[in-house]
Structure formats: structure tokens, C-alpha cells
Amino acid sequence: MNHRNDSKLQQIYQVSELTANIKSLLEEKFSIIWITGEISNFSKPVSGHYYFSLKDRHAQINAVMFRGQNRRLNFIPENGMQITALGRISIYEPRGTYQLIIEHLEPKGIGALQIAFEQLKEKLSQEGLFDHSFKKPIPFLPQKICIITSPTGAVVHDIIKIATRRFPNLYIQILPVSVQGDHAEKEIADAIAFMNSTLDSDVAILARGGGSIEDLWAFNTESVARAIFSSNIPVISAVGHETDFTISDFVADLRAPTPSAAAELVLPVKMDLLHKIESKKKQLEIFIKQCREQKRYQALELSNRLINPKKTAEDFRLKIDDLCNQMVKTLSYHVKHKFEQLALQKKCLYSTRFHDQVKRNKEILEQNHFNSLKSIDFYITKNRFNLLETTGKMNALNPIAILERGYSITRKITDKKIIKDSETVSIGENLEIILAKGILNCNVEGKSSHVKKDI
Amino acid sequence: MSKKTFEQSLKQLEQIVEELESGELPLEKAVKKFEDGIKLSRSCSSKLDEIERKITILLKDQADDVVEKPFISD
Amino acid sequence: MSKKTFEQSLKQLEQIVEELESGELPLEKAVKKFEDGIKLSRSCSSKLDEIERKITILLKDQADDVVEKPFISD
Amino acid sequence: MSKKTFEQSLKQLEQIVEELESGELPLEKAVKKFEDGIKLSRSCSSKLDEIERKITILLKDQADDVVEKPFISD
Amino acid sequence: MSKKTFEQSLKQLEQIVEELESGELPLEKAVKKFEDGIKLSRSCSSKLDEIERKITILLKDQADDVVEKPFISD
Amino acid sequence: MSKKTFEQSLKQLEQIVEELESGELPLEKAVKKFEDGIKLSRSCSSKLDEIERKITILLKDQADDVVEKPFISD
Amino acid sequence: MSKKTFEQSLKQLEQIVEELESGELPLEKAVKKFEDGIKLSRSCSSKLDEIERKITILLKDQADDVVEKPFISD
């Protein structure tokens with residue numbers, strides 16, 4: 001694969017890419033063409049479309065004419081028929097084939113006007129006057145519509161009637177022109193120019209009723225075509241019947257098949273619009289209400305799920321009460337137990353043998369006291385008895401007892417000396433004589449030294 | 001708003017409805033959209049009634065001046 | 001609240017509800033959360049009320065408009 | 001108390017009860033514990049009172065609000 | 001006494017009772033012990049009384065606090 | 001006497017009594033012993049009296065205590 | 001007399017009795033002895049009396065007192 005004859009890197013296409021390129025290339029290039037040739041391989045399946053080939057001596061091309069278009073033909077094509085057709089090239093990508101889509105078809109043998117038409121059309125087409133890129137959009141809701149047409153005749157009334165029916169409040173300005181005859185071309189061109197220079201229409205309808213090619217000729221003139229092309233106001237071409245094609249149709253921003261159709265094309269139905277607005281508004285309302293309800297529901301549901309901590313607080317309260325009760329019970333028991341322990345010890349303390357000890361000691365003490373008394377009594381008694389006994393014995397031995405028998409004892413008074421010898425006393429001396437009973441005081445008057453033994 | 005054509009307003013209204021119906025808007029935004037939508041719908045409605053019904057024909061007088069005259073259609 | 005969107009408030013409320021439902025919050029925190037929850041719920045509620053009022057007014061104006069400016073002018 | 005959470009106080013109270021129930025505390029200590037316990041319980045109770053009051057106020061406000069701004073509108 | 005715990009005092013009282021019951025103490029010592037015992041028992045008693053009073057006061061305060069929830073002690 | 005314990009005094013008294021009971025003492029000595037004995041006995045007796053009084057007082061105080069402050073409150 | 005014990009006096013008295021019994025004493029001596037004996041006996045008797053009185057006093061004091069404790073010592 002050495003296709004690199006030049007320095008540029010050759011692009012490698014995908015099949016679909018290439019086909020798409022070809023398609024856009026061909027379809028753009030051959031968007032509207034006239035072609036002449038001989039019909040062959042004609043067929044008409046149930047669909048109602050016409051399928052055939054167009055050929056000349058050297059080539060042939062497949063063609064189709066859809067039911068919508070072929071219904072307008074006033075003849076049925078047949079094999080071998082020489083025809084002139086208006087159509088465009090279409091590429092069928094899946095198969096990589098191309099074919100003609102035929103819009104219009106007529107038997108060959110056209111007149112001078114037709115040739116002139118073809119030539120002008122070819123010329124203007126070459127100049128690009130038909131190019132889609134130049135076509136201005138038709139305003140959706142034109143406030144002001146200019147109708148360039150004949151003020152007489154049904155066309156203007158038809159348009160007004162239909163337009164008013166669709167949209168009652170409208171500003172329609174009619175630019176009256178001749179639509180056939182010698183002045184028609186200039187008047188139309190001038191009207192378009194005037195409209196652009198003076199009027200502030202949103203859209204223009206260039207209209208004329210059906211007629212022969214000669215009748216419609218003004219609309220196939222170059223000045224009209226150029227006037228349309230240079231119009232800043234969008235122009236709708238509504239010339240003749242559906243099957244009538246004029247240069248105006250090609251150069252206009254929009255082709256209406258008929259003048260009545262132009263009114264329909266240029267205006268929406270007001271009631272439909274109002275309904276649409278209302279329905280949109282209703283949708284808005286329903287939606288916002290739904291939205292709000294949904295949000296409200298969500299908020300409400302969540303709010304309802306909010307757990308109030310009060311319940312928990314109450315549980316805690318019960319628990320605290322429980323704990324307090326337990327605490328009180330326990331401590332009470334504890335204290336009570338201590339009371340009991342203490343009471344027991346107190347009882348023991350009072351009932352100790354300690355009291356006995358005092359009592360016992362008292363008894364011992366008393367016993368000893370008693371014994372000591374007894375002892376001392378014994379001592380005294382014994383000694384007193386001994387004394388008495390001894391004293392008694394002594395008393396029995398009293399030497400003075402002999403006096404009872406008549407003896408006496410003589411003593412000096414002075415020294416109580418017992419006188420045993422008379423010589424020891426002198427006369428006149430006082431003596432005492434102790435008798436058994438009583439004492440005698442005597443004076444010595446005499447003395448002798450002899451004692452009579454017979455006393 | 002006055003600068004917008006009816007078509008633009010309507011288009012916008014439709015877009016708003018679509019956006020709302022997509023359902024993903026936060027509440028405040030949805031309300032804002034709703035408000036815009038209501039305003040747009042009102043604006044559209046009034047826009048439809050703005051135009052005065054008037055059908056005229058432009059004619060040239062003797063002085064070649066163009067005059068506008070009512071056109072009676074039947 | 002004024003800075004938070006309704007959805008943010010709602011989300012926050014949901015989080016609070018979940019936290020409370022988990023039962024794992026200490027009491028004081030639970031109370032605080034509950035308080036926040038109540039406030040949020042109230043705030044959501046009043047926001048909705050406000051919106052409702054707004055919607056009502058918008059729709060009412062619309063209705064008035066309709067009365068003042070009938071569709072069909074002739 | 002203000003620094004301790006409610007749960008901490010309650011825990012402490014439970015510990016005190018346990019200690020008392022163990023019966024191993026000397027009497028004076030037991031009484032001291034008991035006193036602490038009573039104080040804790042009182043503190044817990046008043047905290048609960050405070051919480052309940054707070055909730056009541058919150059819910060009352062809520063109720064007032066509800067009267068002024070009903071939640072459900074149709 | 002103030003430095004001794006109740007339990008220590010009680011223990012001491014028990015020892016005194018034992019000593020007294022042994023009957024082996026000289027009389028004066030026994031009397032002294034008995035006197036000490038009496039004092040200890042009195043001190044223990046008054047300590048218990050004091051504790052009871054304290055508890056009563058604590059519970060009373062508690063009861064005052066919680067007017068609705070009286071404290072049940074049995 | 002104050003230095004002697006009750007038991008010592010009692011012992012001494014018993015010895016005196018024994019000596020007296022032996023009957024072998026000269027009279028004057030016996031009388032002296034007896035006198036000592038009497039003194040001892042008197043001293044012991046008064047000691048016992050004193051002790052009894054003390055106990056009575058202690059028990060009386062205790063009894064008063066008991067009356068004023070009952071142990072078990074229930 | 002005060003130097004002699006009661007027993008010594010009594011002994012002396014007995015000796016006197018024995019001497020008197022012997023009958024060998026001259027009258028004057030016997031009388032003297034007898035007189036001595038009388039004195040001794042009287043002395044012993046009064047000693048005993050004195051002792052008895054003393055004991056009585058001791059016991060009386062004992063009986064009284066215990067209260068005032070007037071102790072007669074000689």
C-alpha cells in the first residue's frame with residue numbers, strides 16, 4: 001500500500017467515515033438537480049413508491065419517487081419513457097449505494113420557457129442563491145406580516161381568512177402587486193425592496209394562485225429572485241399549486257405549496273399556544289405542589305421520628321430512685337446491724353462476772369472481819385480466864401488470913417515495919433495493931449523482952 | 001423579558017418544565033424555577049395578546065406617497 | 001438556617017434522627033440533638049410554609065391577571 | 001457536677017451502691033459514701049428536671065408554632 | 001474517740017467484755033475496764049445516733065427536694 | 001494503802017486473820033494485828049463501796065442514756 | 001507496867017502464887033508478895049479492860065464510820 005505520492009501523510013478512513021464524507025459531499029453538491037434520461041426497470045411495490053433506473057447510452061442511476069410525490073403526477077411513468085426529473089442525490093450508507101430521490105418528473109420535450117427557467121435556475125444555483133445557508137428562519141410568531149400579492153382575487157382573502165382563523169389578533173399589511181403581465185416582475189421586485197426599506201414586517205408572503213408557466217413567469221424572473229434573495233425580511237414563496245415550482249420557490253426562505261399553506265406555515269394556532277402555555281403552567285403547578293408535598297412529607301416523617309429524650313429521662317429517674325432506695329436499705333441494714341452488735345456488747349458488759357467479783361470480795365472481806373473478831377475475842381477471853389484463875393489462887397493464899405485465927409500484926413505507923421521484937425520499940429511510941437477485923441492504934445506504955453510461951 | 005421573543009420564552013418555559021420534571025432540583029431551586037416558569041407563562045400569554053388585530057393595504061396616492069388603509073376581507 | 005438549603009436542613013434532621021435512633025448518645029447530647037432536631041423541623045416547616053405562601057401568591061397573581069386580561073381580545 | 005456528664009454521675013452512684021452493698025466499708029466511710037450518693041442522686045435528679053423543663057419548653061414552643069403555622073396544608 | 005472508727009471502738013469494747021468475763025482482772029483494773037467499756041459503748045451509741053440523725057436529715061432534704069417522690073425507708 | 005491494790009489488802013487481811021487464828025500471838029501483838037486488820041477491812045470495804053457506787057452511777061448514766069436515746073429506731 | 005507485856009505480868013503473878021503456895025515466905029514477904037500479886041492482877045485486869053474498850057471503840061468506829069473514819073491510834 002504505497003499511496004504516499006506526496007509528502008502529506010495519507011489519511012486512513014474508516015468505511016463509515018468515508019461513506020459519511022461521500023454522503024455529505026454528494027448530497028450537498030446535488031441537493032437539487034434536473035436530470036434527463038430514459039426510465040428502465042420500473043417497479044411499484046405495495047408501498048406505493050416508484051423504483052426505477054434512469055439511463056442514457058453510457059450510464060445508469062437508480063432512482064426512487066416516494067408516494068407523497070408520485071401521487072401528484074398526472075401520468076404513470078413506464079419503461080423506455082424519456083423524462084426530465086427534479087431531484088437530489090441520496091446516499092444509502094449501509095449499502096454504500098447512491099440513488100436519486102425524485103421530487104418531480106415530467107415527460108421530455110420541454111419548451112423555451114422551460115429552458116430559460118432551467119438556465120436561470122442553473123445560473124442562480126451556481127451563484128448560491130438557493131443555498132440553505134442563506135435561508136433565514138421564519139419567525140415563530142410574526143407580529144407583522146406582509147402579503148405581497150394581488151389585492152383582488154381569492155388568494156389574499158384565503159390567506160387572511162386562514163391566518164385570522166389561526167391567530168385572530170394580527171397585523172397584516174398587504175402590498176398590492178400585479179402577479180402577471182408586463183408590470184408584474186418590476187412591481188414584485190419593487191414591493192420587496194419597498195418592504196425592506198419602509199416596512200418593519202417580520203415576514204413576507206409572496207403569493208399567487210395557480211396558472212400556466214406563462215402566468216407564473218414573473219416569479220421565474222431574475223430580478224424577483226434577486227429581490228427575494230436580498231430581502232432582509234424572510235420571504236415565503238407561495239406561488240401556484242403544489243406541483244408548480246418557480247425560481248421564487250427556490251430562492252425564498254421557505255416554499256409553501258399553496259398560498260393557503262403559507263398562512264398555515266407562517267402562523268401558529270393561537271389557541272394551541274394558549275393551551276400549550278396553560279398545560280405547561282399546569283405541569284409547573286402540579287410539579288411544584290408534588291415537590292412541596294413530598295418535601296413536607298419527608299420533613300413530617302423525620303419530625304415524627306425525632307425521639308423525645310423525655311422517655312429516657314424518665315427511665316433514668318426510676319433508676320436513680322432504685323439506686324437511692326437500695327442505698328438507703330443497705331445503709332439502714334448496716335446501721336441496724338451495728339446497733340445490734342453494740343447492744344449485744346452492752347448486754348455482755350452489764351452481765352459480766354465483774355459484779356460477782358465485787359460481791360465475792362465483799363463476802364471474803366466480811367468473813368475475815370468476822371474471823372478476826374472471833375480471834376480477838378478468843379484472846380481476850382482466854383487471858384481474862386487465866387488472870388481470874390491465877391488471881392483466885394493467889395487470893396486463897398492471902399497471908400492476912402491468919403488474923404482470922406486471932407493473930408494480929410503490930411506495925412510502926414511511920415514505916416509500917418512489922419514489929420517482931422519489943423526491943424525495936426520504945427516507950428511512948430505509937431504503933432498500929434492490925435486485927436482480923438479493924439486496926440488498933442496504941443501507945444507503948446511498957447515492954448518486956450519475954451514472950452509467954454503459952455499463948 | 002421584553003427582549004425575548006415569544007418563542008424564546010416558550011422554549012424557556014418548556015425547558016423549565018423539563019428541568020423540574022427531571023426531579024433532581026433542590027426545593028429552593030425548584031421554587032425559583034417554578035416562579036420563573038409562572039412568570040414566563042404569564043409573559044407568553046400576554047405576548048400572544050399584545051398584537052392588535054389590523055389588516056391594511058398600502059396604496060399610493062396621487063403624490064406617490066404610500067398610505068395605509070384598512071383592508072376589508074370577507 | 002437562612003444559609004442552608006431545605007435539603008441540607010432535611011439531611012441534617014435525618015442525621016439527627018438516626019443518631020437519636022441509634023440510642024447511643026449520652027443524655028445531654030441527646031437532648032441537644034433533640035433540640036437541634038426540633039429547630040430544624042420547625043425551620044423546614046416554616047420554609048415550606050413560606051414556599052407555599054409564595055406559590056399561592058404566584059398562582060393568585062396569575063389568576064388575577066387572567067381576570068384582568070382575558071385571553072381573547074377582539 | 002457541671003463538668004461530669006449525667007451518665008458519669010449515674011455510674012458513680014451505681015459504684016457507691018455496689019460499695020455499700022459489699023458491706024465491707026467501715027461505718028463512717030459508708031455514711032460518707034451514702035452522703036455522696038444522696039448528693040449525686042440529687043444532682044442527677046435536678047439535671048433530669050432541667051432536661052425535662054427544657055424539653056417541655058421546646059415542645060411548647062413547637063406547639064405554639066404549630067398553631068400559628070400548621071404543618072399540613074392542602 | 002474521734003480518731004477511732006466505730007468498728008475500732010466496737011472491737012475495743014468486745015475486748016473489754018472478754019477481759020471482764022475472764023474474771024482474771026484485779027478489781028481496780030476491772031472497774032477501770034468497765035468504766036472504759038461504758039464510755040466506749042456510750043460513744044458508739046452516740047456515734048450511731050449521730051449517723052442516724054445524719055441519714056434522716058439527708059433523706060429529709062432529699063424528700064424536700066423531690067416533693068413528689070418520697071423516700072421509702074423501712 | 002493507796003499504793004496497795006485491793007487484792008493485796010485483802011491478802012494482808014487474810015494473813016492477819018490467819019495469824020490471829022493461830023492463837024499464838026502475844027495479846028498486845030494480837031490487838032495490834034486486830035487493829036491493822038480492822039483498818040484493812042475498813043479500807044477494803046470502803047473501796048468496794050466506792051466501786052459499787054461508781055458502778056451504780058455508771059449504770060445509772062447508762063440507763064439514762066438508754067432512755068433518752070433508744071438504740072433501735074424502727 | 002508499860003514495859004511488861006500482859007503475858008509477863010501474868011507469869012509474874014503465877015510465880016507469886018507459887019511462892020505463896022510454898023508457904024516458906026515470912027509473913028511480911030508473903031504479904032508483900034501478895035500485895036504485889038494483887039497489883040499485878042489488878043494491872044492485868046485493867047489491861048484487858050483497856051483492850052476491850054479499845055476493841056469496842058474500833059468496832060464502834062467501824063460501825064459508824066466508814067463515814068467519817070476517825071481513827072484512834074495510841
# chains A, B, ... in the order shown; residues from 1 in each chain; ligands from 1

call {"tool": "calpha_fit_rmsd", "arguments": {"fixed": "chain F", "moving": "chain B"}}
result
7.5 Å

call {"tool": "residues_around", "arguments": {"residues": "range 17-34 of chain E", "least_positions_apart": "5", "cutoff": "12 Å", "atoms": "only C-alpha atoms", "output": "count of residues only"}}
result
47

call {"tool": "select_by_dssp", "arguments": {"residues": "range 20-228 of chain A", "states": "helix (DSSP H, G or I)", "output": "NGL selection string"}}
result
:A and (20-29 or 67-70 or 112-127 or 132-134 or 154-166 or 184-198 or 217-220 or 222-228)

call {"tool": "atom_distance", "arguments": {"atom1": "CA of Asp49 in chain C", "atom2": "CA of Glu293 in chain A"}}
result
11.0 Å

call {"tool": "interface_residues", "arguments": {"of": "chain A", "to": "chain C", "cutoff": "10 Å", "atoms": "only C-alpha atoms", "output": "list in words"}}
result
Pro168, Asn169, Lys270, Met271, Leu274, Lys281, Glu285, Ile288, Lys289, Arg292, Glu293, Lys295, Arg296, Gln298, Ala299, Leu300, Glu301, Leu302, Ser303, Asn304, Arg305, Leu306, Ile307, Asn308, Pro309, Lys310, Thr312, Ala313 and Phe316 of chain A

call {"tool": "atom_distance", "arguments": {"atom1": "CA of Arg95 in chain A", "atom2": "CA of Ile22 in chain A"}}
result
12.9 Å
